[in-house]
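A.B. asks: To start, I am sharing the structure in question, which I have written as structure tokens.
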Amino acid sequence: MMLRIALPLALPFAIVAVAFVLLSQTDAYIIRLATTFGMYAALALAWNIIGGIAGYPSFATAAFFGLGAYVTAVAQNLGAPLLVGVGLAGAGAALFAGLLGSAILHLRGKYFAIASLVIAEVLRELTNSWTSVTGGGMGINLPLAKTTLLTQPQLYLAAMLFLAAAATSASMLIDRSRLGVALRCIAQNEDAAQIIGVDTRMAKTWAFVISSLFIGLVGGVYASWVTYIDPTDVYDGAMSVKPILMALLGGVGSVFGPVLGAFAYLLLEELLWRNLLEFHAGILGLLVVLLVLFLPGGLSQIRGVGLVSLPKIWRRAP
Amino acid sequence: MTALLELKGVTKRFRGLEALSDINLSLKSGEIVGLIGPNGAGKTTLVNVITGVHTADAGSITFNGAPIAHMRRDRIARLGVARTFQVVQPFPAMTVLENVTAAALFGGGAASIAEARDAAAHHLAFCGLTDQAGKPAANLTLAGRKRLELAKSLALRPKLLMLDEVNAGLNPAEVDAALELITRIAAQGATILLIEHLMKVVTRTARRLVVLHHGKLIADGPVASVLSDETVVEAYLGRRYAERMAGAGI
């Protein structure tokens, strides 16, 4: 029993610690890539909790990411240390998700998706107009973190990898908990879930809160890492779409799928983006089209389908 | 004996249509009651109102002393009200065992997933589904899915079990097997409301019969007297059936 709890908690952190030791002495480019990987993996895992396991296709990732980034920026500019600033980012995003959840989580399928899509737009406009606190469209600078043991890049590599490990642990724990069973029931048949006594409102809200907590934390670390943010950067709609693509690539609803997907996506991004600078938005669109075409059933219905089964689906499709 | 379920003046309207009007019904603990009526009489609506899927527009519903007319459906389920669906509602991608485990975990009040799984295995054995436990629910035959519905309902450890057309779409052999299962469930002491089209099933299991017609309760009493009731014969059974039943001495 203890082992069943302890293993998911410890294993991802152990892997990440080894990875950090191996990567921290490499050149700046590799460190930046690995940091981005940690960030993508954490975001995809976080999205997967609400979008994959619970089957609620959220397009609000950019909202919580941006909120986390701005909470950290404002807090650190007011003198809060890095750790406090990032902690506040997570808490702020989680709290916001709890409140928001009661308003939009009763919507299902595409209605929920559209409602969640609007949130980032609203927050971006608010951030734009609240100039006295957020700096408005001019953006906001963050102070450089004071570090002793690590260099700046090493610090953020460690932070992002840590968040990815924490999100993995959380996903593994949810997967084998009551909450996980409830969320899977909700994803497959919400009415039937209620009839067997699942408090669906509570379960969905928890999933949304846990998911947003990680997204907010990642946003907070991101802001501290890049030291300058503006509303169009952190509330970027692509920030909502990318984690979904990663989860789709790797396997929606599975625990490790999003990690695999984040890696595949980063690889694509590095290979294609760099060589097709003018056309990368088009490629993103094409990727969406291909995924939707060859993963039939639509976003909210796909579960456990991943890269491995793509060739099979390919053969089956017309 | 006090009533387990008590409906007083329950009315449900859908726009202009009065699906249930002024229903007064009381079920005693341990009773098996058949609910019959023509298509569209409001039988399923009645179950939906009791389980909280629909909210009654008027009237009160009391279950085990607690008012449940405005309670959320998951809370009603946890109080011990279970139902099967006319159109089966499995969790398709989960295995048969996982389906029943989920029911035992939430509605059945199991303390842990392991405990819920043990309870689920027991209910699967009871419903004759042990062989299918590892299959995805989507791969079951219709008869199998109806049994799965029953197993899920039983896993809620219900005080009141409402079976909505569990035999619809089954062949005669499957109906007999289902009938045998219902009799065994009844023997365990749960109160059962049996919604049926097949008179064979109703007359064999229920002692009391309730008849709905156009949303109104037109008869309520012992099976034999309800089946010979003039209004019921006119509304639902038809002359020929009544004569045949009289000839058979029921």
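Residue numbering restarts at 1 for every chain of the structure tokens, chains are lettered A, B, ... in their displayed order, and ligands are numbered from 1 as they appear.
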Considering only C-alpha atoms, return as a short mmCIF file (atom, residue, chain, number, x, y, z; two decimals) with all heavy atoms, in the first residue's frame whatever protein or nucleic-acid residues lie within 7 Å of Pro231 of chain A, sequence-local ones (same chain, fewer than 2 positions apart) excluded.
C.D. replies:
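Now in part21.cif:
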```cif
data_model
loop_
_atom_site.label_atom_id
_atom_site.label_comp_id
_atom_site.auth_asym_id
_atom_site.auth_seq_id
_atom_site.Cartn_x
_atom_site.Cartn_y
_atom_site.Cartn_z
N ARG A 124 -6.60 38.86 -21.07
CA ARG A 124 -5.64 39.68 -21.82
C ARG A 124 -6.11 41.13 -21.88
O ARG A 124 -5.33 42.06 -21.67
CB ARG A 124 -5.47 39.13 -23.23
CG ARG A 124 -4.54 40.03 -24.06
CD ARG A 124 -4.05 39.37 -25.31
NE ARG A 124 -5.16 38.89 -26.12
CZ ARG A 124 -5.04 37.93 -27.04
NH1 ARG A 124 -3.89 37.35 -27.23
NH2 ARG A 124 -6.07 37.56 -27.74
N THR A 127 -5.64 42.73 -18.51
CA THR A 127 -4.22 43.01 -18.29
C THR A 127 -3.78 44.23 -19.10
O THR A 127 -3.03 45.08 -18.61
CB THR A 127 -3.37 41.79 -18.69
OG1 THR A 127 -3.95 40.64 -18.09
CG2 THR A 127 -1.95 41.93 -18.23
N ASN A 128 -4.27 44.31 -20.33
CA ASN A 128 -3.95 45.44 -21.19
C ASN A 128 -4.40 46.77 -20.60
O ASN A 128 -3.71 47.77 -20.68
CB ASN A 128 -4.62 45.26 -22.56
CG ASN A 128 -3.65 44.69 -23.57
OD1 ASN A 128 -2.47 45.02 -23.54
ND2 ASN A 128 -4.14 43.85 -24.46
N GLY A 137 -0.02 47.08 -22.25
CA GLY A 137 0.54 46.48 -23.46
C GLY A 137 2.06 46.60 -23.53
O GLY A 137 2.71 45.90 -24.32
N GLY A 139 4.03 45.61 -21.34
CA GLY A 139 4.64 44.44 -20.71
C GLY A 139 5.26 44.81 -19.37
O GLY A 139 5.15 45.96 -18.91
N ILE A 229 7.59 39.84 -19.77
CA ILE A 229 6.37 39.28 -20.37
C ILE A 229 5.46 40.42 -20.83
O ILE A 229 5.51 41.52 -20.28
CB ILE A 229 5.58 38.38 -19.39
CG1 ILE A 229 5.26 39.14 -18.09
CG2 ILE A 229 6.33 37.10 -19.10
CD1 ILE A 229 4.27 38.43 -17.19
N ASP A 233 2.14 37.79 -25.44
CA ASP A 233 3.02 36.64 -25.30
C ASP A 233 2.40 35.57 -24.40
O ASP A 233 2.24 34.43 -24.81
CB ASP A 233 4.38 37.10 -24.75
CG ASP A 233 5.31 35.93 -24.46
OD1 ASP A 233 5.20 34.90 -25.17
OD2 ASP A 233 6.12 36.04 -23.53
N VAL A 234 2.01 35.94 -23.18
CA VAL A 234 1.59 34.92 -22.22
C VAL A 234 0.13 34.51 -22.35
O VAL A 234 -0.26 33.43 -21.89
CB VAL A 234 1.90 35.32 -20.76
CG1 VAL A 234 3.39 35.37 -20.54
CG2 VAL A 234 1.23 36.62 -20.38
N TYR A 235 -0.71 35.37 -22.95
CA TYR A 235 -2.10 34.96 -23.17
C TYR A 235 -2.30 34.48 -24.61
O TYR A 235 -3.41 34.50 -25.13
CB TYR A 235 -3.07 36.10 -22.86
CG TYR A 235 -3.16 36.43 -21.39
CD1 TYR A 235 -2.75 37.66 -20.89
CD2 TYR A 235 -3.67 35.50 -20.48
CE1 TYR A 235 -2.84 37.97 -19.54
CE2 TYR A 235 -3.76 35.79 -19.14
CZ TYR A 235 -3.35 37.03 -18.67
OH TYR A 235 -3.44 37.31 -17.34
#
```
A.B. asks: With a distance cut-off of 12 Å and only C-alpha atoms, select the neighbouring residues of Ala28 of chain A, excluding the residue or stretch itself and same-chain residues fewer than 6 positions from it, and output the selection as a list in words.
C.D. replies: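 Non-adjacent residues within range: Ala34, Thr35, Thr151, Gln152, Pro153, Gln154 and Leu157 of chain A.
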A.B. asks: Mind checking DSSP for segment 20-178 of chain B and telling me the strand (DSSP E) residues as a CSV table (one decimal) with N, CA and C atoms, in the first residue's frame?
C.D. replies:
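Here's the written file states_28.csv:
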```csv
chain,number,residue,atom,x,y,z
B,20,LEU,N,-46.7,13.8,-15.8
B,20,LEU,CA,-47.2,13.2,-14.6
B,20,LEU,C,-48.1,14.2,-13.9
B,21,SER,N,-49.3,13.7,-13.6
B,21,SER,CA,-50.2,14.7,-12.9
B,21,SER,C,-50.7,14.1,-11.6
B,22,ASP,N,-50.4,14.8,-10.5
B,22,ASP,CA,-50.8,14.5,-9.2
B,22,ASP,C,-50.7,13.1,-8.8
B,23,ILE,N,-49.4,12.6,-8.9
B,23,ILE,CA,-49.2,11.2,-8.5
B,23,ILE,C,-49.0,11.0,-7.0
B,24,ASN,N,-49.8,10.1,-6.4
B,24,ASN,CA,-49.7,9.7,-5.0
B,24,ASN,C,-49.3,8.2,-5.0
B,25,LEU,N,-48.2,7.9,-4.5
B,25,LEU,CA,-47.7,6.5,-4.5
B,25,LEU,C,-46.8,6.3,-3.3
B,26,SER,N,-47.0,5.1,-2.7
B,26,SER,CA,-46.2,4.8,-1.5
B,26,SER,C,-45.7,3.4,-1.6
B,27,LEU,N,-44.4,3.2,-1.5
B,27,LEU,CA,-43.9,1.9,-1.5
B,27,LEU,C,-43.4,1.5,-0.2
B,28,LYS,N,-43.8,0.3,0.3
B,28,LYS,CA,-43.3,-0.2,1.6
B,28,LYS,C,-42.0,-0.9,1.4
B,32,ILE,N,-42.4,-5.7,-3.8
B,32,ILE,CA,-42.1,-5.7,-5.2
B,32,ILE,C,-43.4,-5.3,-5.9
B,33,VAL,N,-43.3,-4.1,-6.6
B,33,VAL,CA,-44.4,-3.5,-7.2
B,33,VAL,C,-44.2,-3.4,-8.7
B,34,GLY,N,-45.2,-3.9,-9.5
B,34,GLY,CA,-45.1,-3.7,-10.9
B,34,GLY,C,-45.7,-2.4,-11.4
B,35,LEU,N,-45.0,-1.7,-12.3
B,35,LEU,CA,-45.6,-0.5,-12.8
B,35,LEU,C,-45.8,-0.7,-14.3
B,36,ILE,N,-47.1,-0.7,-14.7
B,36,ILE,CA,-47.4,-0.9,-16.1
B,36,ILE,C,-48.1,0.3,-16.7
B,58,ALA,N,-44.4,20.0,-9.0
B,58,ALA,CA,-45.2,20.2,-7.8
B,58,ALA,C,-45.1,18.9,-7.1
B,59,GLY,N,-45.5,18.9,-5.8
B,59,GLY,CA,-45.6,17.7,-5.0
B,59,GLY,C,-44.3,17.4,-4.2
B,60,SER,N,-44.4,16.4,-3.3
B,60,SER,CA,-43.2,16.1,-2.5
B,60,SER,C,-42.8,14.6,-2.7
B,61,ILE,N,-41.5,14.3,-2.6
B,61,ILE,CA,-41.0,12.9,-2.6
B,61,ILE,C,-40.2,12.7,-1.4
B,62,THR,N,-40.6,11.7,-0.6
B,62,THR,CA,-39.8,11.4,0.6
B,62,THR,C,-39.2,10.0,0.5
B,63,PHE,N,-37.9,9.9,0.7
B,63,PHE,CA,-37.3,8.5,0.7
B,63,PHE,C,-36.7,8.3,2.0
B,66,ALA,N,-36.4,11.2,4.2
B,66,ALA,CA,-35.7,12.4,3.8
B,66,ALA,C,-36.4,13.0,2.5
B,67,PRO,N,-36.6,14.3,2.5
B,67,PRO,CA,-37.2,14.8,1.2
B,67,PRO,C,-36.2,14.8,0.1
B,81,VAL,N,-31.0,4.8,-3.7
B,81,VAL,CA,-32.0,4.7,-4.8
B,81,VAL,C,-31.2,4.3,-6.1
B,82,ALA,N,-31.5,3.1,-6.6
B,82,ALA,CA,-30.8,2.7,-7.8
B,82,ALA,C,-31.8,2.5,-8.9
B,83,ARG,N,-31.3,2.6,-10.2
B,83,ARG,CA,-32.2,2.3,-11.3
B,83,ARG,C,-31.4,1.8,-12.4
B,84,THR,N,-32.1,1.0,-13.3
B,84,THR,CA,-31.5,0.7,-14.5
B,84,THR,C,-32.1,1.5,-15.6
B,160,LEU,N,-34.0,0.9,-2.6
B,160,LEU,CA,-35.0,0.9,-3.6
B,160,LEU,C,-34.4,0.7,-5.0
B,161,LEU,N,-34.8,-0.3,-5.7
B,161,LEU,CA,-34.3,-0.6,-7.0
B,161,LEU,C,-35.4,-0.5,-8.1
B,162,MET,N,-35.2,0.4,-9.0
B,162,MET,CA,-36.2,0.6,-10.1
B,162,MET,C,-35.7,0.0,-11.4
B,163,LEU,N,-36.3,-1.0,-11.9
B,163,LEU,CA,-35.9,-1.7,-13.1
B,163,LEU,C,-36.7,-1.3,-14.2
B,164,ASP,N,-36.1,-0.5,-15.1
B,164,ASP,CA,-36.9,0.1,-16.2
B,164,ASP,C,-36.7,-0.8,-17.5
```
A.B. asks: Sorted by chain and rising residue number, which residues of chain A lie within 10 Å of chain B, and what are their closest atom pairs and distances in Å to one decimal, counting only C-alpha atoms, as CSV?
C.D. replies:
```
residue,atom,partner,partner_atom,distance
A:Arg176,CA,B:Ile113,CA,8.5
A:Ser177,CA,B:Ile113,CA,7.7
A:Arg178,CA,B:Ile113,CA,7.1
A:Val181,CA,B:Ala102,CA,6.6
A:Ala182,CA,B:Ala102,CA,7.5
A:Arg184,CA,B:Phe91,CA,8.6
A:Cys185,CA,B:Phe91,CA,6.4
A:Ile186,CA,B:Phe91,CA,8.9
A:Ala187,CA,B:Phe91,CA,8.8
A:Gln188,CA,B:Phe91,CA,5.4
A:Asn189,CA,B:Phe91,CA,6.0
A:Glu190,CA,B:Phe91,CA,9.2
A:Asp191,CA,B:Gln89,CA,8.4
A:Ala192,CA,B:Gln89,CA,6.0
A:Ala193,CA,B:Asp74,CA,8.0
A:Gln194,CA,B:Asp74,CA,4.7
A:Ile195,CA,B:Asp74,CA,5.8
A:Ile196,CA,B:Ala103,CA,5.1
A:Gly197,CA,B:Asp74,CA,4.0
A:Val198,CA,B:Asp74,CA,5.6
A:Asp199,CA,B:Asp74,CA,5.7
A:Thr200,CA,B:Asp74,CA,7.9
A:Arg201,CA,B:Asp74,CA,9.8
A:Arg303,CA,B:Ala93,CA,8.7
A:Gly304,CA,B:Ala93,CA,9.8
```
A.B. asks: Using only C-alpha atoms for the distances, tell me which of B:Lys216, B:Ala173, B:Pro38, B:Gln86 is nearest to Val233 of chain B.
C.D. replies: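 Answer, going by the shortest atom-to-atom distance: B:Pro38.
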A.B. asks: Residues at most 12 Å from Leu144 of chain A, counting only C-alpha atoms, excluding those fewer than 4 positions away in the same chain, as a ChimeraX atom specification?
C.D. replies: /A:73,76-77,79,81-82,151-153,155-156,223-228
A.B. asks: Between A:Phe64, A:Ala264, A:Leu161, A:Leu95, which has the minimum distance to Val21 of chain A (counting only C-alpha atoms)?
C.D. replies: A:Leu161
A.B. asks: Which distance in Å separates atom CA of Trp47 of chain A and atom CA of Ala103 of chain A, to one decimal?
C.D. replies: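 Separating atom CA of Trp47 of chain A from atom CA of Ala103 of chain A is a distance of 18.7 Å.
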A.B. asks: Would you please give, as a VMD selection string, all residues of segment 36-175 of chain B that DSSP assigns to alpha helix (DSSP H) based on the backbone?
C.D. replies: chain B and resid 43 to 51 73 to 79 96 to 106 113 to 126 142 to 155 172 to 175
A.B. asks: Print the selection's residues with C-alpha atoms to a file, as an mmCIF file, in the first residue's frame.
C.D. replies:
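Once written, result_35.cif looks like this:
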```
data_model
loop_
_atom_site.group_PDB
_atom_site.id
_atom_site.type_symbol
_atom_site.label_atom_id
_atom_site.label_comp_id
_atom_site.auth_asym_id
_atom_site.auth_seq_id
_atom_site.Cartn_x
_atom_site.Cartn_y
_atom_site.Cartn_z
ATOM 1 C CA LYS B 43 -43.427 5.407 -16.500
ATOM 2 C CA THR B 44 -39.851 6.423 -17.242
ATOM 3 C CA THR B 45 -40.620 10.041 -16.346
ATOM 4 C CA LEU B 46 -41.765 8.811 -12.942
ATOM 5 C CA VAL B 47 -38.438 7.018 -12.440
ATOM 6 C CA ASN B 48 -36.563 10.089 -13.665
ATOM 7 C CA VAL B 49 -38.380 12.311 -11.176
ATOM 8 C CA ILE B 50 -37.664 9.933 -8.291
ATOM 9 C CA THR B 51 -33.951 9.666 -9.187
ATOM 10 C CA ARG B 73 -29.017 12.824 -8.424
ATOM 11 C CA ASP B 74 -25.690 11.616 -7.073
ATOM 12 C CA ARG B 75 -26.879 12.270 -3.494
ATOM 13 C CA ILE B 76 -30.140 10.435 -4.141
ATOM 14 C CA ALA B 77 -28.093 7.519 -5.476
ATOM 15 C CA ARG B 78 -25.925 7.472 -2.361
ATOM 16 C CA LEU B 79 -29.067 7.363 -0.191
ATOM 17 C CA VAL B 96 -17.238 -4.936 -16.996
ATOM 18 C CA LEU B 97 -15.443 -5.273 -13.662
ATOM 19 C CA GLU B 98 -14.370 -1.603 -13.675
ATOM 20 C CA ASN B 99 -17.945 -0.529 -14.409
ATOM 21 C CA VAL B 100 -19.286 -2.315 -11.354
ATOM 22 C CA THR B 101 -16.274 -1.296 -9.241
ATOM 23 C CA ALA B 102 -17.054 2.366 -9.905
ATOM 24 C CA ALA B 103 -20.644 1.823 -8.764
ATOM 25 C CA ALA B 104 -19.508 0.037 -5.593
ATOM 26 C CA LEU B 105 -16.948 2.769 -4.889
ATOM 27 C CA PHE B 106 -19.259 5.777 -5.111
ATOM 28 C CA ILE B 113 -10.871 0.799 -4.578
ATOM 29 C CA ALA B 114 -9.692 -2.681 -3.535
ATOM 30 C CA GLU B 115 -12.772 -3.152 -1.368
ATOM 31 C CA ALA B 116 -14.985 -1.907 -4.203
ATOM 32 C CA ARG B 117 -13.374 -4.403 -6.570
ATOM 33 C CA ASP B 118 -14.123 -7.268 -4.198
ATOM 34 C CA ALA B 119 -17.728 -6.167 -3.894
ATOM 35 C CA ALA B 120 -17.938 -5.812 -7.678
ATOM 36 C CA ALA B 121 -16.624 -9.339 -8.227
ATOM 37 C CA HIS B 122 -19.332 -10.604 -5.894
ATOM 38 C CA HIS B 123 -22.085 -8.761 -7.789
ATOM 39 C CA LEU B 124 -20.741 -9.969 -11.134
ATOM 40 C CA ALA B 125 -20.879 -13.554 -9.902
ATOM 41 C CA PHE B 126 -24.430 -12.985 -8.682
ATOM 42 C CA LEU B 142 -27.520 -6.604 -25.261
ATOM 43 C CA ALA B 143 -28.483 -9.276 -22.725
ATOM 44 C CA GLY B 144 -25.026 -8.927 -21.180
ATOM 45 C CA ARG B 145 -25.317 -5.155 -20.987
ATOM 46 C CA LYS B 146 -28.719 -5.462 -19.303
ATOM 47 C CA ARG B 147 -27.102 -7.753 -16.744
ATOM 48 C CA LEU B 148 -24.285 -5.258 -16.300
ATOM 49 C CA GLU B 149 -26.894 -2.566 -15.574
ATOM 50 C CA LEU B 150 -28.324 -4.853 -12.898
ATOM 51 C CA ALA B 151 -24.900 -5.597 -11.423
ATOM 52 C CA LYS B 152 -24.107 -1.860 -11.290
ATOM 53 C CA SER B 153 -27.426 -1.146 -9.596
ATOM 54 C CA LEU B 154 -26.841 -3.892 -7.054
ATOM 55 C CA ALA B 155 -23.370 -2.535 -6.329
ATOM 56 C CA PRO B 172 -37.549 -15.577 -24.524
ATOM 57 C CA ALA B 173 -34.649 -17.612 -23.127
ATOM 58 C CA GLU B 174 -32.869 -14.440 -22.030
ATOM 59 C CA VAL B 175 -36.086 -13.140 -20.475
#
```
